[in-house]
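Dropping protein.txt in here (compact mmCIF, C-alpha atoms and all ligand atoms):
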```
# COMPACT_ATOMS: atom_id res chain seq x y z
CA MET K 6 146.51 -121.16 -30.46
CA ALA K 7 147.81 -119.32 -33.53
CA LYS K 8 146.11 -116.02 -34.21
CA PRO K 9 144.24 -115.57 -37.55
CA ARG K 10 146.47 -113.92 -40.13
CA ILE K 11 145.09 -110.97 -42.08
CA SER K 12 146.56 -108.87 -44.88
CA PHE K 13 145.78 -105.57 -46.63
CA HIS K 14 146.48 -104.83 -50.29
CA ASP K 15 145.93 -101.75 -52.42
CA PHE K 16 145.26 -101.25 -56.11
CA THR K 17 143.97 -98.17 -57.96
CA CYS K 18 142.60 -95.85 -55.27
CA CYS K 19 143.43 -92.98 -52.92
CA GLU K 20 144.11 -95.35 -49.99
CA GLY K 21 141.54 -93.45 -47.92
CA CYS K 22 139.83 -96.67 -46.85
CA GLN K 23 143.05 -98.04 -45.35
CA LEU K 24 143.35 -94.75 -43.48
CA GLN K 25 139.86 -95.40 -42.11
CA VAL K 26 141.16 -98.74 -40.82
CA LEU K 27 144.11 -97.01 -39.15
CA ALA K 28 141.67 -94.46 -37.73
CA CYS K 29 139.85 -97.17 -35.72
CA GLU K 30 142.15 -96.15 -32.86
CA ASP K 31 139.96 -97.29 -29.98
CA GLU K 32 139.32 -100.75 -31.40
CA LEU K 33 142.59 -101.25 -33.30
CA LEU K 34 144.54 -102.37 -30.26
CA ASP K 35 141.95 -105.08 -29.55
CA ILE K 36 142.05 -106.18 -33.18
CA LEU K 37 145.85 -106.22 -33.18
CA GLY K 38 145.74 -108.41 -30.10
CA ALA K 39 143.48 -110.92 -31.86
CA VAL K 40 145.17 -111.17 -35.28
CA ASP K 41 148.56 -111.22 -36.97
CA ILE K 42 148.81 -108.66 -39.77
CA VAL K 43 151.08 -110.21 -42.39
CA GLN K 44 150.90 -107.51 -45.07
CA PHE K 45 149.85 -103.85 -44.82
CA ARG K 46 151.98 -101.51 -46.94
CA GLU K 47 150.71 -98.37 -45.17
CA ALA K 48 151.76 -99.65 -41.75
CA ILE K 49 154.29 -102.52 -41.83
CA ASP K 50 157.11 -103.96 -43.98
CA ASN K 51 156.03 -107.66 -43.95
CA ARG K 52 155.09 -109.33 -47.25
CA GLU K 53 153.51 -112.72 -46.63
CA TRP K 54 150.67 -114.11 -48.73
CA GLU K 55 149.23 -117.01 -46.69
CA CYS K 56 146.41 -115.71 -44.49
CA GLU K 57 142.85 -116.27 -43.30
CA VAL K 58 141.51 -112.94 -44.63
CA ALA K 59 142.87 -110.60 -47.30
CA PHE K 60 141.36 -107.10 -47.52
CA ILE K 61 141.69 -105.56 -50.98
CA GLU K 62 141.34 -101.82 -51.51
CA GLY K 63 141.22 -100.19 -54.94
CA ALA K 64 140.04 -101.06 -58.42
CA PHE K 65 141.55 -103.22 -61.14
CA SER K 66 142.79 -100.83 -63.84
CA ARG K 67 145.81 -102.46 -65.48
CA GLU K 68 146.45 -105.98 -66.69
CA SER K 69 149.75 -106.27 -64.84
CA ASP K 70 147.76 -106.25 -61.56
CA ARG K 71 145.93 -109.47 -62.44
CA GLU K 72 148.81 -111.68 -61.31
CA ARG K 73 149.04 -110.01 -57.88
CA LEU K 74 145.29 -110.38 -57.41
CA GLN K 75 145.50 -114.07 -58.24
CA LYS K 76 148.37 -114.45 -55.79
CA ILE K 77 146.30 -112.81 -53.05
CA ARG K 78 143.34 -115.10 -53.85
CA ALA K 79 145.52 -118.19 -53.82
CA GLY K 80 147.01 -117.31 -50.43
CA ALA K 81 143.82 -116.22 -48.61
CA LYS K 82 140.96 -118.31 -47.28
CA LEU K 83 138.64 -115.29 -47.51
CA VAL K 84 138.91 -112.17 -49.66
CA VAL K 85 137.09 -108.96 -48.68
CA SER K 86 136.77 -105.90 -50.96
CA LEU K 87 137.39 -102.68 -49.09
CA GLY K 88 135.62 -99.54 -50.27
CA ALA K 89 133.90 -98.30 -53.41
CA CYS K 90 136.99 -98.50 -55.63
CA ALA K 91 137.13 -102.23 -54.96
CA THR K 92 133.39 -102.99 -54.81
CA THR K 93 132.14 -100.97 -57.83
CA GLY K 94 135.30 -99.51 -59.36
CA GLY K 95 134.33 -96.24 -57.66
CA LEU K 96 135.18 -92.91 -59.22
CA ASN K 97 137.82 -94.64 -61.36
CA VAL K 98 135.05 -95.97 -63.63
CA LEU K 99 134.57 -92.43 -64.96
CA LYS K 100 137.67 -93.16 -67.04
CA ASN K 101 135.73 -95.87 -68.89
CA TYR K 102 133.02 -93.38 -69.82
CA ARG K 103 135.23 -90.48 -70.67
CA GLY K 104 137.33 -92.67 -72.90
CA ILE K 105 140.60 -94.27 -71.88
CA GLU K 106 142.75 -92.37 -74.39
CA LYS K 107 141.19 -89.01 -73.60
CA SER K 108 141.61 -89.56 -69.86
CA MET K 109 145.25 -90.63 -70.24
CA LYS K 110 146.02 -87.52 -72.29
CA THR K 111 144.34 -85.27 -69.75
CA VAL K 112 146.35 -86.75 -66.87
CA TYR K 113 149.72 -87.51 -68.49
CA GLY K 114 149.74 -85.23 -71.55
CA ASP K 115 152.34 -86.25 -74.14
CA LYS K 116 153.71 -88.89 -71.72
CA ALA K 117 150.44 -90.89 -71.85
CA SER K 118 152.03 -93.76 -73.77
CA TRP K 119 154.52 -94.32 -70.91
CA TYR K 120 151.79 -95.68 -68.64
CA GLU K 121 149.81 -98.91 -68.69
CA THR K 122 146.03 -98.80 -68.28
CA SER K 123 142.87 -100.77 -69.02
CA PRO K 124 139.12 -100.31 -68.41
CA VAL K 125 138.38 -100.18 -64.69
CA GLN K 126 136.66 -103.17 -63.09
CA PRO K 127 135.70 -103.99 -59.50
CA ILE K 128 137.79 -106.68 -57.82
CA HIS K 129 135.05 -109.35 -57.86
CA GLU K 130 135.10 -109.24 -61.66
CA ILE K 131 138.69 -110.48 -61.62
CA ILE K 132 138.84 -112.89 -58.66
CA LYS K 133 136.28 -114.45 -56.33
CA VAL K 134 135.39 -112.13 -53.43
CA ASP K 135 133.73 -113.45 -50.26
CA ALA K 136 132.48 -110.19 -48.71
CA MET K 137 132.36 -106.48 -49.50
CA ILE K 138 132.70 -103.41 -47.30
CA HIS K 139 131.10 -100.53 -49.17
CA GLY K 140 131.57 -96.77 -49.21
CA CYS K 141 133.92 -93.95 -50.15
CA PRO K 142 135.41 -94.09 -47.65
CA ILE K 143 134.23 -97.19 -45.75
CA PRO K 144 132.42 -96.52 -42.47
CA LYS K 145 134.68 -97.66 -39.63
CA GLN K 146 131.84 -99.53 -37.90
CA GLU K 147 131.28 -101.69 -40.98
CA PHE K 148 134.96 -102.64 -41.13
CA LEU K 149 134.85 -103.60 -37.46
CA GLU K 150 131.65 -105.59 -37.99
CA VAL K 151 133.26 -107.57 -40.81
CA VAL K 152 136.46 -108.22 -38.86
CA LYS K 153 134.51 -109.40 -35.79
CA SER K 154 132.24 -111.60 -37.94
CA VAL K 155 135.14 -113.20 -39.71
CA LEU K 156 136.98 -113.84 -36.43
CA ASN K 157 133.83 -115.40 -34.95
CA GLY K 158 132.98 -117.42 -38.06
CA ARG K 159 129.66 -115.70 -38.73
CA LYS K 160 128.28 -113.87 -41.78
CA PRO K 161 128.73 -110.09 -41.55
CA GLN K 162 125.55 -108.01 -41.29
CA ILE K 163 125.78 -105.62 -44.25
CA PRO K 164 122.64 -103.48 -44.71
CA ASP K 165 120.60 -104.12 -47.83
CA PHE K 166 118.01 -101.38 -47.49
CA PRO K 167 118.08 -97.78 -48.79
CA VAL K 168 119.83 -94.80 -47.18
CA CYS K 169 116.39 -93.14 -46.94
CA VAL K 170 115.57 -95.46 -44.01
CA GLU K 171 118.52 -94.17 -41.96
CA CYS K 172 117.84 -90.62 -43.15
CA LYS K 173 114.24 -90.79 -41.89
CA LEU K 174 115.40 -92.25 -38.57
CA ARG K 175 117.67 -89.20 -38.20
CA GLU K 176 114.63 -86.99 -38.87
CA ASN K 177 116.32 -85.12 -41.73
CA VAL K 178 114.20 -83.02 -44.06
CA CYS K 179 114.33 -84.80 -47.43
CA LEU K 180 116.54 -83.01 -49.95
CA TYR K 181 113.87 -83.41 -52.66
CA HIS K 182 111.77 -81.05 -50.59
CA LYS K 183 114.65 -78.56 -50.78
CA GLY K 184 114.72 -78.79 -54.58
CA GLN K 185 117.72 -81.16 -54.76
CA TYR K 186 118.26 -84.61 -56.24
CA CYS K 187 119.43 -87.44 -53.95
CA MET K 188 120.21 -91.10 -54.66
CA GLY K 189 119.37 -92.25 -51.15
CA ILE K 190 116.25 -93.89 -52.54
CA VAL K 191 118.28 -96.68 -54.18
CA ALA K 192 121.64 -96.44 -52.36
CA ARG K 193 122.77 -99.04 -49.82
CA ALA K 194 122.45 -97.86 -46.21
CA GLY K 195 125.09 -98.44 -43.54
CA CYS K 196 126.63 -94.95 -43.41
CA ASN K 197 123.84 -93.63 -41.17
CA ALA K 198 122.82 -91.26 -43.96
CA TRP K 199 126.15 -89.48 -43.68
CA CYS K 200 125.75 -86.97 -46.52
CA PRO K 201 122.09 -85.89 -46.20
CA SER K 202 122.61 -85.44 -42.46
CA TYR K 203 125.22 -82.76 -43.23
CA GLY K 204 123.28 -81.15 -46.08
CA GLY K 205 124.94 -83.06 -48.94
CA ARG K 206 123.33 -85.24 -51.58
CA CYS K 207 123.74 -89.01 -51.52
CA TYR K 208 125.73 -90.17 -54.56
CA ALA K 209 125.32 -93.85 -53.67
CA CYS K 210 129.00 -94.35 -52.88
CA ARG K 211 127.94 -97.57 -51.09
CA GLY K 212 126.48 -98.94 -54.30
CA LEU K 213 122.89 -99.93 -54.88
CA ILE K 214 120.71 -102.19 -52.80
CA SER K 215 120.24 -105.63 -54.31
CA ASP K 216 116.57 -105.10 -55.14
CA PRO K 217 115.97 -101.38 -55.71
CA ASN K 218 112.37 -100.34 -56.27
CA ASN K 219 112.98 -98.84 -59.70
CA GLN K 220 109.38 -97.88 -60.28
CA ALA K 221 109.17 -96.03 -56.95
CA ALA K 222 112.46 -94.27 -57.75
CA LYS K 223 111.11 -93.20 -61.16
CA ASP K 224 107.89 -92.01 -59.52
CA VAL K 225 109.90 -89.83 -57.10
CA LEU K 226 111.90 -88.35 -59.98
CA THR K 227 108.72 -87.65 -61.93
CA GLU K 228 107.04 -86.10 -58.90
CA PHE K 229 109.93 -83.66 -58.55
CA GLY K 230 110.20 -82.92 -62.28
CA LEU K 231 113.36 -84.94 -62.99
CA THR K 232 114.06 -87.57 -65.65
CA LEU K 233 116.42 -90.54 -65.64
CA PRO K 234 118.86 -89.02 -68.20
CA GLN K 235 119.15 -85.92 -65.99
CA VAL K 236 120.41 -87.96 -63.05
CA MET K 237 122.59 -90.45 -64.94
CA ASP K 238 125.81 -88.43 -64.55
CA GLU K 239 125.46 -88.58 -60.79
CA PHE K 240 124.54 -92.24 -60.97
CA ARG K 241 127.73 -92.93 -62.93
CA LEU K 242 129.91 -91.19 -60.36
CA PHE K 243 130.06 -94.37 -58.27
CA ASN K 244 127.91 -96.88 -60.10
CA GLY K 245 128.81 -96.52 -63.75
CA VAL K 246 130.19 -100.04 -63.73
CA PHE K 247 126.65 -101.39 -63.71
CA GLU K 248 126.26 -99.99 -67.22
CA VAL K 249 129.44 -101.48 -68.65
CA ALA K 250 128.24 -103.71 -71.44
CA GLU K 251 131.27 -105.92 -71.95
CA PRO K 252 131.24 -109.08 -69.78
CA PRO K 253 134.23 -109.23 -67.42
CA LYS K 254 136.88 -111.96 -67.51
CA LYS K 255 136.92 -113.88 -64.22
CA THR K 256 139.69 -116.14 -62.98
CA ASP K 257 139.55 -117.97 -59.65
S1 LIG K 301 136.68 -95.88 -51.92
FE1 LIG K 301 137.08 -93.67 -51.78
S2 LIG K 301 138.26 -93.40 -49.89
FE2 LIG K 301 138.32 -95.60 -50.43
S3 LIG K 301 140.17 -95.79 -51.61
FE3 LIG K 301 138.54 -95.45 -53.08
S4 LIG K 301 138.53 -93.22 -53.42
FE4 LIG K 301 139.72 -93.61 -51.59
S1 LIG K 302 117.40 -86.73 -48.40
FE1 LIG K 302 117.97 -88.47 -49.69
S2 LIG K 302 118.35 -90.12 -48.27
FE2 LIG K 302 117.17 -88.57 -47.17
S3 LIG K 302 115.05 -89.20 -47.39
FE3 LIG K 302 115.50 -87.77 -49.05
S4 LIG K 302 116.09 -89.06 -50.77
FE4 LIG K 302 116.22 -90.31 -48.93
S1 LIG K 303 124.89 -90.85 -47.88
FE1 LIG K 303 125.22 -91.85 -49.85
S2 LIG K 303 127.06 -90.88 -50.71
FE2 LIG K 303 126.97 -90.37 -48.51
S3 LIG K 303 128.21 -91.93 -47.50
FE3 LIG K 303 126.09 -92.68 -47.50
S4 LIG K 303 125.89 -93.91 -49.37
FE4 LIG K 303 127.73 -92.67 -49.58
```
Produce structure tokens that represent the structure in this file.
Amino acid sequence: MAKPRISFHDFTCCEGCQLQVLACEDELLDILGAVDIVQFREAIDNREWECEVAFIEGAFSRESDRERLQKIRAGAKLVVSLGACATTGGLNVLKNYRGIEKSMKTVYGDKASWYETSPVQPIHEIIKVDAMIHGCPIPKQEFLEVVKSVLNGRKPQIPDFPVCVECKLRENVCLYHKGQYCMGIVARAGCNAWCPSYGGRCYACRGLISDPNNQAAKDVLTEFGLTLPQVMDEFRLFNGVFEVAEPPKKTD
């Protein structure tokens, strides 16, 4: 029986999530035995488009990428977004807020007009996406869960509860009690409370849960003397796309 064909594609990003895939050393050999990888720029030279699953890393940030995205969609039975850049636009969305022209000048100086750019959008705003693997970078276990689910024809189990749940299970002292702000109250779990467990704040790199308890979140902020405007910059770091007013153009 023919093995399922999978492909990996990258757009605007640091390619750190593909490195996470390559870092699944222990499981990678099993995966490689079960699938045929038909495109993966970081690892092989092949360039085939027909496949069962296409993993897309990175954000949409220039019109000339639209055609390649449509080609991926047309060739793949399932499309999976890989990492925050693809699922929310990630840090790239800061460009939208800072102003496209200003950002281009900062990065490219007087050569800014040489380069093409457009407001950043997550991949599902451009083409239909069947599943998302969240995080910056993605947790390896979630990538493996999605690959196994897809190979076995079942729906992947992606957590839809806040990071606080995992943080409490790890018996961490809440950062609010140390005088810090943390977005774990509305951020999607699945990283095993990575950042708070090592003393860092959660910036919600895995996006927001589908039904955040906004009132409870506001109550926590109020209790600790914070207001929504004070935390918006940190919110925008990974989730600014949720504020973008202009409706996206979608093409299947
Ligand atoms: S989500 Fe983070 S690690 Fe992954 S490609 Fe984007 S910036 Fe890199
Ligand atoms: S440190 Fe953050 S993730 Fe942990 S319990 Fe407090 S708010 Fe939640
Ligand atoms: S704790 Fe928050 S910022 Fe850190 S990896 Fe998890 S979701 Fe991302």
Which chain K residues have any atom within 9 Å of an atom of ligand LIG 303 (chain K), and for each, what is the nearest pair of atoms with distance in Å to one decimal, counting only C-alpha atoms and all ligand atoms, rows sorted by chain and number, as a Markdown table?
```
| residue | atom | partner | partner_atom | distance |
| --- | --- | --- | --- | --- |
| K:His139 | CA | K:LIG303 | S4 | 8.4 |
| K:Gly140 | CA | K:LIG303 | FE4 | 5.6 |
| K:Cys141 | CA | K:LIG303 | FE4 | 6.3 |
| K:Pro142 | CA | K:LIG303 | S3 | 7.5 |
| K:Ile143 | CA | K:LIG303 | S3 | 8.2 |
| K:Pro144 | CA | K:LIG303 | S3 | 8.0 |
| K:Pro167 | CA | K:LIG303 | S4 | 8.7 |
| K:Val168 | CA | K:LIG303 | S1 | 6.5 |
| K:Cys169 | CA | K:LIG303 | S1 | 8.9 |
| K:Cys172 | CA | K:LIG303 | S1 | 8.5 |
| K:Cys187 | CA | K:LIG303 | FE1 | 8.4 |
| K:Met188 | CA | K:LIG303 | FE1 | 7.0 |
| K:Gly189 | CA | K:LIG303 | FE1 | 6.0 |
| K:Ala192 | CA | K:LIG303 | S4 | 5.8 |
| K:Arg193 | CA | K:LIG303 | S4 | 6.0 |
| K:Ala194 | CA | K:LIG303 | S4 | 6.1 |
| K:Gly195 | CA | K:LIG303 | FE3 | 7.1 |
| K:Cys196 | CA | K:LIG303 | FE3 | 4.7 |
| K:Asn197 | CA | K:LIG303 | FE3 | 6.8 |
| K:Ala198 | CA | K:LIG303 | S1 | 4.5 |
| K:Trp199 | CA | K:LIG303 | S1 | 4.6 |
| K:Cys200 | CA | K:LIG303 | FE2 | 4.1 |
| K:Pro201 | CA | K:LIG303 | S1 | 5.9 |
| K:Ser202 | CA | K:LIG303 | S1 | 8.0 |
| K:Gly205 | CA | K:LIG303 | FE2 | 7.6 |
| K:Arg206 | CA | K:LIG303 | S2 | 6.8 |
| K:Cys207 | CA | K:LIG303 | FE1 | 3.6 |
| K:Tyr208 | CA | K:LIG303 | S2 | 4.1 |
| K:Ala209 | CA | K:LIG303 | FE1 | 4.3 |
| K:Cys210 | CA | K:LIG303 | FE4 | 3.9 |
| K:Arg211 | CA | K:LIG303 | S4 | 4.5 |
| K:Gly212 | CA | K:LIG303 | S4 | 7.1 |
| K:Leu213 | CA | K:LIG303 | S4 | 8.7 |
| K:Phe243 | CA | K:LIG303 | S2 | 8.9 |
```
Adding 6 Å on each side of the box along x, y and z that holds all listed atoms of ligand LIG 302 (chain K), could you give its centre and edge lengths in Å to one decimal, as JSON?
```
{"center_x": 116.7, "center_y": -88.5, "center_z": -49.0, "size_x": 15.3, "size_y": 15.6, "size_z": 15.6}
```
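Taking CA of Lys173 in chain K and CA of Val191 in chain K as the two end points, the separation is 14.2 Å.
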Could you give me, as a PDB file with C-alpha atoms, in the coordinates of the input, the residues within 10 Å of Phe45 in chain K, counting all atoms listed in the file and dropping anything in the same chain fewer than 2 positions from it?
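What landed in part28.pdb:
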```
ATOM      1  CA  ILE K  11     145.090-110.970 -42.080  1.00  0.00           C
ATOM      2  CA  SER K  12     146.560-108.870 -44.880  1.00  0.00           C
ATOM      3  CA  PHE K  13     145.780-105.570 -46.630  1.00  0.00           C
ATOM      4  CA  HIS K  14     146.480-104.830 -50.290  1.00  0.00           C
ATOM      5  CA  ASP K  15     145.930-101.750 -52.420  1.00  0.00           C
ATOM      6  CA  GLN K  23     143.050 -98.040 -45.350  1.00  0.00           C
ATOM      7  CA  ILE K  42     148.810-108.660 -39.770  1.00  0.00           C
ATOM      8  CA  VAL K  43     151.080-110.210 -42.390  1.00  0.00           C
ATOM      9  CA  GLU K  47     150.710 -98.370 -45.170  1.00  0.00           C
ATOM     10  CA  ALA K  48     151.760 -99.650 -41.750  1.00  0.00           C
ATOM     11  CA  ILE K  49     154.290-102.520 -41.830  1.00  0.00           C
ATOM     12  CA  ASP K  50     157.110-103.960 -43.980  1.00  0.00           C
ATOM     13  CA  ASN K  51     156.030-107.660 -43.950  1.00  0.00           C
ATOM     14  CA  ARG K  52     155.090-109.330 -47.250  1.00  0.00           C
ATOM     15  CA  GLU K  53     153.510-112.720 -46.630  1.00  0.00           C
ATOM     16  CA  PHE K  60     141.360-107.100 -47.520  1.00  0.00           C
TER      17      PHE K  60
END
```
* To do: Find the residue from K:Gly80, K:Gly21, K:Gly94, K:Pro9 that sits nearest to ligand LIG 301 (chain K); use all atoms listed in the file when measuring.
  => K:Gly21
* Asked: In Å, how far is it from CA of His182 in chain K to CA of Asn244 in chain K?
  -> 24.5 Å
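When atom S2 of ligand LIG 302 (chain K) is paired with CA of Val125 in chain K, their separation reads 27.8 Å.
Among the candidates K:Leu87, K:Val40, K:Met137, K:Ala79, the residue lying nearest to ligand LIG 301 (chain K) is K:Leu87 (atoms considered: only C-alpha atoms and all ligand atoms).
Using all atoms listed in the file, the smallest distance between any of K:Ala39, K:Cys179, K:Ala222, K:Met237 and ligand LIG 302 (chain K) comes from K:Cys179.
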